[in-house]
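J.: One file: protein_14.cif (mmCIF, C-alpha atoms).
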```
data_start
loop_
_atom_site.label_atom_id
_atom_site.label_comp_id
_atom_site.auth_asym_id
_atom_site.auth_seq_id
_atom_site.Cartn_x
_atom_site.Cartn_y
_atom_site.Cartn_z
CA MET A 89 94.78 97.92 89.30
CA ARG A 90 92.81 95.46 87.15
CA PHE A 91 92.99 91.69 87.61
CA LEU A 92 92.04 88.84 85.27
CA VAL A 93 91.66 85.50 87.09
CA ILE A 94 92.38 82.68 84.64
CA GLY A 95 90.60 79.51 85.69
CA LEU A 96 87.49 79.77 87.85
CA GLY A 97 87.66 76.47 89.69
CA SER A 98 88.31 76.15 93.42
CA MET A 99 91.52 78.23 93.45
CA GLY A 100 90.27 80.81 90.97
CA LYS A 101 87.24 81.53 93.11
CA ARG A 102 89.47 81.73 96.17
CA ARG A 103 91.67 84.29 94.44
CA ILE A 104 88.63 86.40 93.60
CA ARG A 105 87.72 86.38 97.30
CA ASN A 106 91.32 87.28 98.19
CA LEU A 107 91.26 90.30 95.89
CA LEU A 108 87.89 91.44 97.24
CA ALA A 109 89.20 91.08 100.81
CA LEU A 110 92.14 93.31 99.85
CA GLY A 111 89.74 95.96 98.56
CA TYR A 112 90.17 95.43 94.82
CA GLU A 113 87.02 95.50 92.73
CA SER A 114 88.24 95.61 89.11
CA ILE A 115 88.24 91.84 88.68
CA ALA A 116 87.28 89.71 85.70
CA GLY A 117 87.45 85.96 85.18
CA PHE A 118 88.11 83.66 82.26
CA ASP A 119 87.17 79.99 82.06
CA PRO A 120 85.97 77.87 79.11
CA ARG A 121 83.46 76.07 81.36
CA ASP A 122 79.97 77.56 81.47
CA ASP A 123 79.23 76.36 85.01
CA ARG A 124 82.35 77.94 86.49
CA ARG A 125 81.73 81.26 84.77
CA ALA A 126 78.14 81.27 85.97
CA GLU A 127 79.14 80.54 89.56
CA ALA A 128 81.81 83.26 89.67
CA GLU A 129 79.38 85.75 88.18
CA SER A 130 76.53 84.90 90.56
CA ARG A 131 78.60 84.57 93.76
CA TYR A 132 80.99 87.48 93.34
CA GLY A 133 79.50 89.68 90.63
CA THR A 134 82.60 89.06 88.51
CA THR A 135 82.66 89.96 84.83
CA VAL A 136 83.39 86.70 83.00
CA PHE A 137 84.74 85.68 79.61
CA ASP A 138 84.84 82.40 77.70
CA ASN A 139 87.87 83.38 75.60
CA PHE A 140 91.30 84.44 76.87
CA GLU A 141 92.21 86.81 74.04
CA THR A 142 88.80 88.48 74.23
CA ALA A 143 89.16 88.87 78.00
CA VAL A 144 92.56 90.55 77.67
CA ALA A 145 91.50 92.81 74.81
CA SER A 146 88.17 93.80 76.33
CA PHE A 147 89.05 94.05 80.04
CA SER A 148 92.68 95.28 79.69
CA PRO A 149 93.99 93.72 82.92
CA ASP A 150 97.24 94.81 84.56
CA VAL A 151 97.67 91.44 86.30
CA LEU A 152 96.92 87.83 85.38
CA ILE A 153 96.14 85.44 88.24
CA ILE A 154 96.79 81.99 86.73
CA SER A 155 94.70 79.41 88.61
CA THR A 156 94.34 76.70 85.98
CA ASP A 157 95.38 73.06 85.73
CA PRO A 158 99.18 73.13 86.30
CA ARG A 159 99.74 71.86 82.75
CA LEU A 160 98.47 75.22 81.45
CA HIS A 161 100.37 77.53 83.82
CA MET A 162 103.26 78.32 81.52
CA ASP A 163 101.07 78.76 78.45
CA TYR A 164 99.32 81.67 80.15
CA ALA A 165 102.45 82.99 81.89
CA GLU A 166 104.34 83.19 78.60
CA ALA A 167 101.35 84.79 76.89
CA GLY A 168 101.05 87.26 79.75
CA VAL A 169 104.71 88.27 79.58
CA LYS A 170 104.41 88.84 75.81
CA LYS A 171 101.49 91.14 76.55
CA SER A 172 103.46 92.91 79.33
CA LYS A 173 101.10 91.67 82.03
CA HIS A 174 102.20 90.91 85.59
CA CYS A 175 101.54 87.25 86.41
CA PHE A 176 100.87 85.37 89.64
CA ILE A 177 101.06 81.60 89.08
CA GLU A 178 99.58 78.96 91.39
CA ALA A 179 101.88 76.20 92.65
CA SER A 180 103.33 74.19 89.77
CA VAL A 181 104.35 70.54 89.54
CA VAL A 182 105.37 70.30 85.87
CA GLU A 183 107.53 72.09 83.28
CA GLY A 184 110.42 73.10 85.49
CA LYS A 185 112.66 73.71 82.46
CA ARG A 186 110.09 76.05 80.93
CA ILE A 187 109.86 77.92 84.21
CA ALA A 188 113.65 78.28 84.33
CA LYS A 189 113.70 79.49 80.72
CA LEU A 190 111.10 82.18 81.43
CA ALA A 191 113.09 83.30 84.49
CA LYS A 192 116.18 83.86 82.32
CA GLU A 193 114.17 85.82 79.76
CA LEU A 194 112.78 88.28 82.30
CA GLN A 195 114.81 91.45 82.30
CA SER A 196 114.08 94.63 84.25
CA PRO A 197 111.70 96.36 83.79
CA SER A 198 109.86 93.20 82.73
CA PRO A 199 106.48 92.41 84.27
CA VAL A 200 106.55 90.86 87.74
CA VAL A 201 106.07 87.10 87.40
CA ALA A 202 105.93 85.09 90.63
CA PRO A 203 104.97 81.52 91.57
CA SER A 204 102.83 80.79 94.60
CA CYS A 205 104.39 79.69 97.91
CA THR A 206 101.28 79.72 100.10
CA MET A 207 102.65 77.52 102.88
CA ARG A 208 105.22 80.20 103.77
CA PHE A 209 102.28 82.41 104.78
CA PHE A 210 100.60 79.83 107.02
CA PRO A 211 101.08 80.39 110.77
CA GLY A 212 102.61 76.93 111.36
CA PRO A 213 105.56 77.23 108.96
CA ALA A 214 106.04 80.85 110.07
CA ALA A 215 106.33 79.71 113.71
CA VAL A 216 108.74 76.90 112.74
CA ARG A 217 110.88 79.43 110.85
CA GLU A 218 110.93 81.70 113.92
CA VAL A 219 111.92 78.95 116.38
CA ILE A 220 114.66 77.59 114.11
CA GLY A 221 115.93 81.06 113.22
CA ARG A 222 116.27 82.06 116.88
CA GLY A 223 118.20 78.89 117.68
CA TYR A 224 115.81 77.74 120.40
CA ILE A 225 116.51 74.05 119.73
CA GLY A 226 120.13 74.47 118.63
CA ASP A 227 121.29 73.05 115.31
CA PRO A 228 118.61 70.97 113.58
CA LEU A 229 119.80 67.37 113.25
CA ASN A 230 116.84 65.31 112.07
CA ILE A 231 113.35 65.92 110.66
CA ASN A 232 110.44 63.51 110.52
CA TYR A 233 107.46 64.96 108.68
CA LEU A 234 104.19 63.31 107.68
CA THR A 235 101.45 65.23 105.91
CA GLY A 236 98.43 64.20 103.91
CA GLN A 237 94.72 64.28 103.29
CA TYR A 238 92.41 61.83 101.51
CA LEU A 239 92.35 62.90 97.87
CA PRO A 240 88.58 62.54 97.21
CA ASP A 241 87.99 64.92 100.13
CA TRP A 242 89.84 67.75 98.33
CA HIS A 243 86.89 68.49 96.04
CA PRO A 244 83.98 66.40 97.34
CA TRP A 245 81.57 68.24 95.02
CA GLU A 246 83.12 66.84 91.81
CA ASN A 247 84.19 63.53 90.31
CA ILE A 248 87.91 63.02 90.89
CA GLN A 249 88.28 62.16 87.20
CA ASP A 250 87.25 65.73 86.34
CA PHE A 251 90.06 67.13 88.51
CA TYR A 252 93.72 67.38 87.47
CA VAL A 253 94.88 65.51 90.58
CA SER A 254 93.71 62.27 88.95
CA ASN A 255 96.35 62.69 86.22
CA ARG A 256 99.66 60.91 86.85
CA GLU A 257 101.74 63.97 85.89
CA THR A 258 99.83 66.32 88.19
CA GLY A 259 98.60 63.73 90.68
CA GLY A 260 97.68 64.63 94.23
CA ALA A 261 100.71 63.39 96.18
CA ARG A 262 103.12 64.38 93.39
CA GLU A 263 101.74 67.94 93.38
CA ILE A 264 102.13 68.28 97.15
CA VAL A 265 105.82 67.30 97.22
CA PRO A 266 107.03 70.66 95.75
CA PHE A 267 104.21 72.48 97.60
CA GLU A 268 105.74 71.35 100.92
CA LEU A 269 109.40 71.51 99.88
CA THR A 270 108.97 75.17 98.95
CA TRP A 271 108.60 76.20 102.60
CA ILE A 272 110.91 73.57 104.10
CA ASN A 273 113.76 74.46 101.73
CA GLU A 274 113.33 78.15 102.49
CA ILE A 275 114.16 77.42 106.15
CA PHE A 276 116.83 74.76 105.79
CA GLY A 277 118.39 75.34 102.34
CA ASP A 278 118.61 73.29 99.14
CA PRO A 279 118.95 69.59 99.99
CA GLU A 280 120.69 66.65 98.40
CA PRO A 281 118.21 63.86 97.59
CA ILE A 282 119.24 60.52 99.11
CA SER A 283 116.36 58.19 98.30
CA CYS A 284 112.68 58.08 97.41
CA PHE A 285 109.89 55.53 97.47
CA LYS A 286 106.57 56.23 95.77
CA ASP A 287 103.65 53.93 95.06
CA LYS A 288 99.90 53.57 94.96
CA LEU A 289 98.59 51.91 98.11
CA SER A 290 94.88 52.74 97.93
CA ASP A 291 91.90 52.00 95.69
CA ILE A 292 91.42 55.69 94.79
CA ASN A 293 89.99 55.87 91.27
CA ALA A 294 93.02 57.49 89.65
CA ASP A 295 96.24 56.29 88.01
CA ILE A 296 98.57 58.08 90.43
CA ASP A 297 101.09 57.40 93.19
CA ASP A 298 99.31 58.22 96.43
CA ILE A 299 102.36 58.26 98.71
CA TYR A 300 105.92 59.62 98.50
CA HIS A 301 108.61 58.84 101.08
CA CYS A 302 111.58 61.18 100.55
CA LEU A 303 114.93 61.10 102.32
CA LEU A 304 116.97 64.31 102.02
CA ARG A 305 120.20 65.72 103.44
CA TYR A 306 120.26 69.46 104.04
CA PRO A 307 123.29 71.78 104.42
CA GLY A 308 125.03 71.24 107.75
CA GLY A 309 124.19 67.53 107.79
CA LEU A 310 120.50 67.77 108.71
CA VAL A 311 118.61 64.67 107.56
CA ALA A 312 114.90 64.86 106.67
CA ASN A 313 112.48 61.98 106.27
CA ILE A 314 109.44 63.51 104.54
CA SER A 315 106.30 61.48 103.84
CA ILE A 316 103.57 63.01 101.69
CA GLU A 317 100.36 61.12 101.01
CA VAL A 318 96.75 61.57 99.93
CA LEU A 319 95.40 58.79 102.14
CA SER A 320 94.70 60.33 105.57
CA ARG A 321 91.06 60.24 106.63
CA PRO A 322 88.73 61.08 108.22
CA LYS A 323 90.99 64.05 109.07
CA ALA A 324 94.07 65.49 107.44
CA THR A 325 97.50 64.78 108.95
CA ARG A 326 100.34 67.23 109.57
CA GLU A 327 102.99 66.13 112.07
CA LEU A 328 106.48 67.64 112.00
CA HIS A 329 109.13 66.58 114.53
CA ILE A 330 112.56 68.22 114.54
CA LEU A 331 115.37 66.98 116.76
CA GLY A 332 117.96 69.66 117.50
CA SER A 333 121.30 69.73 119.28
CA ALA A 334 119.68 71.60 122.19
CA GLY A 335 116.02 70.68 122.05
CA ARG A 336 113.00 69.51 120.09
CA LEU A 337 110.23 71.06 118.00
CA VAL A 338 106.79 69.65 117.16
CA TYR A 339 104.30 71.12 114.69
CA SER A 340 100.97 69.33 114.93
CA SER A 341 97.66 69.95 113.19
CA GLU A 342 95.92 67.88 115.86
CA ASP A 343 97.10 70.23 118.61
CA ASN A 344 96.97 73.24 116.27
CA CYS A 345 100.23 74.55 117.67
CA VAL A 346 103.98 74.61 117.33
CA ARG A 347 105.76 73.66 120.55
CA TYR A 348 109.40 73.46 121.44
CA LEU A 349 111.46 72.27 124.37
CA THR A 350 114.95 73.64 125.07
CA LEU A 351 117.63 72.13 127.32
CA GLY A 352 116.95 73.29 130.86
CA ASP A 353 113.25 74.00 130.28
CA ALA A 354 110.78 72.36 132.63
CA ASP A 355 108.01 72.21 130.04
CA TRP A 356 107.16 72.88 126.42
CA THR A 357 106.75 76.42 125.10
CA ARG A 358 103.59 76.43 123.01
CA ILE A 359 102.78 78.73 120.09
CA PRO A 360 99.02 78.45 119.37
CA LEU A 361 98.10 78.76 115.69
CA ASP A 362 95.24 80.93 114.49
CA THR A 363 92.58 78.84 112.73
CA GLY A 364 91.47 81.83 110.66
CA THR A 365 88.39 81.98 108.45
CA ILE A 366 87.41 78.88 106.50
CA GLU A 367 85.05 79.32 103.54
CA LYS A 368 82.23 76.80 103.13
CA ASP A 369 83.36 73.67 101.22
CA TYR A 370 87.03 74.63 101.68
CA ILE A 371 89.58 73.11 104.04
CA ASN A 372 92.28 75.72 104.59
CA GLN A 373 91.85 79.17 106.08
CA GLU A 374 91.62 82.18 103.79
CA GLU A 375 94.11 84.48 105.51
CA PRO A 376 97.40 82.95 104.23
CA TYR A 377 96.16 83.17 100.66
CA ILE A 378 95.14 86.80 101.17
CA SER A 379 98.54 87.64 102.66
CA GLU A 380 100.32 85.90 99.81
CA LEU A 381 98.43 87.84 97.14
CA ASP A 382 98.97 91.08 99.06
CA SER A 383 102.72 90.38 99.06
CA PHE A 384 102.67 89.79 95.30
CA ILE A 385 100.73 92.99 94.64
CA LYS A 386 103.23 94.98 96.70
CA ALA A 387 106.01 93.57 94.50
CA VAL A 388 104.02 94.65 91.43
CA HIS A 389 103.62 98.17 92.81
CA GLN A 390 107.40 98.41 93.24
CA SER A 391 108.16 96.62 89.93
CA ASP A 392 110.44 94.12 91.68
CA ARG A 393 109.60 90.40 91.52
CA PHE A 394 112.30 89.63 94.10
CA LEU A 395 110.23 91.39 96.78
CA PHE A 396 107.93 88.37 96.70
CA PRO A 397 109.41 85.48 98.74
CA ASN A 398 109.37 82.94 95.90
CA THR A 399 110.90 83.23 92.44
CA LEU A 400 110.69 81.34 89.18
CA GLU A 401 114.28 80.25 89.82
CA ASP A 402 113.25 78.82 93.21
CA ASP A 403 110.36 76.97 91.59
CA ALA A 404 112.57 75.50 88.88
CA ARG A 405 115.06 74.21 91.48
CA THR A 406 112.28 72.61 93.53
CA LEU A 407 110.81 70.85 90.49
CA ALA A 408 114.29 69.66 89.51
CA LEU A 409 114.57 68.18 93.02
CA LEU A 410 111.22 66.40 92.54
CA ASN A 411 112.53 64.89 89.30
CA GLN A 412 115.74 63.75 91.05
CA LEU A 413 113.71 62.08 93.78
CA GLU A 414 111.58 60.25 91.23
CA GLU A 415 114.69 59.08 89.38
CA LEU A 416 115.99 57.64 92.66
CA SER A 417 112.65 55.91 93.14
CA GLN A 418 112.98 54.23 89.74
CA GLU A 419 116.53 53.13 90.51
CA SER A 420 115.46 51.50 93.76
#
```
Starting from the coordinates I provided, produce the structure as structure tokens.
T.:
Amino acid sequence: MRFLVIGLGSMGKRRIRNLLALGYESIAGFDPRDDRRAEAESRYGTTVFDNFETAVASFSPDVLIISTDPRLHMDYAEAGVKKSKHCFIEASVVEGKRIAKLAKELQSPSPVVAPSCTMRFFPGPAAVREVIGRGYIGDPLNINYLTGQYLPDWHPWENIQDFYVSNRETGGAREIVPFELTWINEIFGDPEPISCFKDKLSDINADIDDIYHCLLRYPGGLVANISIEVLSRPKATRELHILGSAGRLVYSSEDNCVRYLTLGDADWTRIPLDTGTIEKDYINQEEPYISELDSFIKAVHQSDRFLFPNTLEDDARTLALLNQLEELSQES
């Protein structure tokens, strides 16, 4: 199988490493920037191109890995489908209607087109899913979740103005809202938005909202207060507290574990989380990204996009929810 990685920034280089870790060697990269092409070529021995059409015609990839600015995701996905190429798309924050339209147009045996849902492959969300699914804390009643990391720390090697997270449409906190909701909604269902507050509280050099407070009601009456920000420093924050009818659950990055307490238990049951392998200059471990790409490739092998745990339809619904939350913010 032959892979063309589109966009050779931070995520594009990570996806090259993922493919190499999975044993694939027929990898090429496309990026209009000279420096990114040079780095991918020198670090990974990747064949690189400065033109998309030339890359496709010359390299003849089976799969496109779309790791560009989110505003370009659908341009390449639509082009890939027209060329009968399978497409893996990094997490999106814009163009939900275009995503939904492409989903409707895909008919079997169309290429497999799947959007990223990396958090579902992280050990923390997987442990939360397990505890909730087994009913260890009874029926979930209330969620308080705070997660964030100081935006300039995402890519300390480059000026934030050169990075899409400084754009209001694709801004840091805004991008992370659907990124987090993708795994939360998988566990608890599609919620009804109740209210939202978003604003810029910091002096970060970007015209963006740096915090979102979202209040949601999930099926069964569960209420979730979700706060997503790009302010936490010197360390990232991830604190999830779930109150259930028969116990409590806590997912904490500080403790690097998920723990739960059930009625009648004398003490917490702890599930330690594997820290994995962290590449130099990166923050998150490599393993979830490798597992995610492996899952996508298995769906490609079986020509069934629904074998991957996230669909274009799922993505479109999540982005529609983001838009609803922002409309509520404007109303308030």
J.: Pull out every residue that the PyMOL selection byres ((chain A and resi 169-176) around 8) matches in the shown coordinates and put them as a list in words.
T.: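 This file gives the following for the PyMOL selection byres ((chain A and resi 169-176) around 8): Pro149, Asp150, Val151, Leu152, Ile153, Ile154, Ala165, Glu166, Ala167, Gly168, Ile177, Glu178, Ser198, Pro199, Val200, Val201, Ala202, Pro203, Ser204, Phe384 and Val388 of chain A.
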J.: For the file shown, what are the residues hit by the PyMOL selection byres ((chain A and resi 316) around 9), laid out as a list of chain:residue names?
T.: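 Matching residues under the PyMOL selection byres ((chain A and resi 316) around 9) are A:Tyr233, A:Leu234, A:Thr235, A:Gly236, A:Ala261, A:Arg262, A:Ile264, A:Val265, A:Glu268, A:Asp298, A:Ile299, A:Tyr300, A:His301, A:Cys302, A:Ile314, A:Ser315, A:Glu317, A:Val318.
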J.: Do you have the atom CA of A:Leu108-atom CA of A:Ile94 distance handy?
T.: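 Atom CA of A:Leu108 sits 16.0 Å away from atom CA of A:Ile94.
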J.: Box time for stretch 315-334 of chain A: axis-aligned, enclosing all its listed atoms, 5 Å extra on each side; report centre and edge lengths in Å to one decimal, as AutoDock Vina command-line options.
T.:
```
--center_x 105.0 --center_y 65.2 --center_z 111.1 --size_x 42.6 --size_y 22.8 --size_z 32.3
```
J.: Please report the interatomic distance between atom CA of A:Gln195 and atom CA of A:Val181 in Å with one decimal.
T.: 24.5 Å
J.: I'd like to see the residues matched by the PyMOL selection byres ((chain A and resi 283-289) around 8) on this file, and ideally I'd get them as a PyMOL selection string.
T.: chain A and resi 281-282+290-291+296-304+413-414+416-417+420
J.: Which residue is closest to A:Val216? Choose from A:Thr258, A:Ser340, A:Thr399, A:Ser130 and count all atoms listed in the file.
T.: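 That would be A:Ser340, the residue with the smallest distance to A:Val216.
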J.: For atom CA of A:Ser196 and atom CA of A:Asn398, determine how far apart the two atoms are, in Å to one decimal place.
T.: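 Calculated distance between atom CA of A:Ser196 and atom CA of A:Asn398 is 17.2 Å.
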J.: Would you mind telling me which residue in A:Leu96, A:Leu160, A:Met89, A:Ile225 lies nearest to A:Trp356 when using only C-alpha atoms?
T.: A:Ile225
J.: Env of A:Pro360: 12 Å cut, atoms = only C-alpha atoms, seq-sep filter 6 positions within chain, self excluded. Answer as a PyMOL selection string.
T.: chain A and resi 211-212+214-216+338-348
J.: Excluding A:Asp138 and residues on its chain fewer than 5 positions from it, collect all residues at most 10 Å away from it, counting all atoms listed in the file, and give them as a list in words.
T.: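 My list of contacting residues is Gly117, Phe118, Asp119, Pro120, Arg121, Asp122, Arg125 and Ala143 of chain A.
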J.: Of the residues A:Leu407, A:Val182, A:Leu351, A:Leu239, which is the one nearest to A:Ala324, using all atoms listed in the file?
T.: A:Leu239
J.: Which is closer to A:Ala404 than all the others in A:Ala179, A:Lys185, A:Thr357, A:Arg90, using only C-alpha atoms?
T.: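 Result for the nearest residue to A:Ala404: A:Lys185.
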J.: Can you pull out the residues contacting A:Ser383? Cut-off 10 Å, using all atoms listed in the file, and skip same-chain residues under 6 positions away; I want them as a list in words.
T.: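 Final neighbour list, sorted by chain and number: Phe209, Tyr377, Leu395, Phe396 and Pro397 of chain A.
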J.: Select, from A:Gln418, A:Ser98, A:Asn230, A:Ser155, the residue with the minimum atom-to-atom distance to A:Ile371, counting only C-alpha atoms.
T.: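 Closest to A:Ile371, using only C-alpha atoms: A:Ser98.
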J.: Let me make sure I understand: among A:Pro266, A:His243, A:Gly223, A:Phe147, which one has the smallest atom-to-atom distance to A:Met99 if we use all atoms listed in the file?
T.: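 Ranked by minimum distance to A:Met99, first place goes to A:His243.
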J.: Take the point (95.6, 67.1, 84.4) as written in the file and pick out every residue within 12 Å of it, counting only C-alpha atoms; give the list as a list of chain:residue names.
T.: A:Thr156, A:Asp157, A:Pro158, A:Arg159, A:Leu160, A:His161, A:Ser180, A:Val181, A:Val182, A:Ile248, A:Gln249, A:Asp250, A:Phe251, A:Tyr252, A:Val253, A:Ser254, A:Asn255, A:Arg256, A:Glu257, A:Thr258, A:Gly259, A:Gly260, A:Glu263, A:Ala294, A:Asp295, A:Ile296
J.: List the neighbours of A:Gly111 out to 12 Å using only C-alpha atoms; skip same-chain residues closer than 4 positions along the sequence, and give me the result as a list of chain:residue names.
T.: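 These residues fall inside the cut-off: A:Met89, A:Arg90, A:Ile104, A:Arg105, A:Asn106, A:Leu107, A:Ile115, A:Ile378, A:Leu381, A:Asp382.
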J.: Mind rebuilding stretch 330-341 of chain A with N, CA and C atoms and writing that out as an mmCIF file, keeping the file's coordinate frame?
T.:
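Resulting contents of out27.cif:
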```cif
data_model
loop_
_atom_site.group_PDB
_atom_site.id
_atom_site.type_symbol
_atom_site.label_atom_id
_atom_site.label_comp_id
_atom_site.auth_asym_id
_atom_site.auth_seq_id
_atom_site.Cartn_x
_atom_site.Cartn_y
_atom_site.Cartn_z
ATOM 1 N N ILE A 330 111.173 67.851 114.808
ATOM 2 C CA ILE A 330 112.560 68.220 114.540
ATOM 3 C C ILE A 330 113.377 67.998 115.806
ATOM 4 N N LEU A 331 114.432 67.213 115.666
ATOM 5 C CA LEU A 331 115.370 66.980 116.760
ATOM 6 C C LEU A 331 116.563 67.914 116.568
ATOM 7 N N GLY A 332 116.846 68.734 117.569
ATOM 8 C CA GLY A 332 117.960 69.660 117.500
ATOM 9 C C GLY A 332 119.049 69.319 118.494
ATOM 10 N N SER A 333 120.173 69.994 118.371
ATOM 11 C CA SER A 333 121.300 69.730 119.280
ATOM 12 C C SER A 333 121.008 70.206 120.697
ATOM 13 N N ALA A 334 119.986 71.066 120.850
ATOM 14 C CA ALA A 334 119.680 71.600 122.190
ATOM 15 C C ALA A 334 118.190 71.559 122.496
ATOM 16 N N GLY A 335 117.442 70.738 121.761
ATOM 17 C CA GLY A 335 116.020 70.680 122.050
ATOM 18 C C GLY A 335 115.228 70.005 120.949
ATOM 19 N N ARG A 336 113.904 70.138 121.047
ATOM 20 C CA ARG A 336 113.000 69.510 120.090
ATOM 21 C C ARG A 336 111.899 70.489 119.693
ATOM 22 N N LEU A 337 111.358 70.270 118.493
ATOM 23 C CA LEU A 337 110.230 71.060 118.000
ATOM 24 C C LEU A 337 109.182 70.109 117.444
ATOM 25 N N VAL A 338 107.914 70.421 117.708
ATOM 26 C CA VAL A 338 106.790 69.650 117.160
ATOM 27 C C VAL A 338 105.774 70.617 116.583
ATOM 28 N N TYR A 339 105.368 70.358 115.350
ATOM 29 C CA TYR A 339 104.300 71.120 114.690
ATOM 30 C C TYR A 339 103.197 70.135 114.380
ATOM 31 N N SER A 340 102.036 70.312 115.020
ATOM 32 C CA SER A 340 100.970 69.330 114.930
ATOM 33 C C SER A 340 99.643 69.982 114.576
ATOM 34 N N SER A 341 98.992 69.454 113.539
ATOM 35 C CA SER A 341 97.660 69.950 113.190
ATOM 36 C C SER A 341 96.629 69.500 114.210
#
```
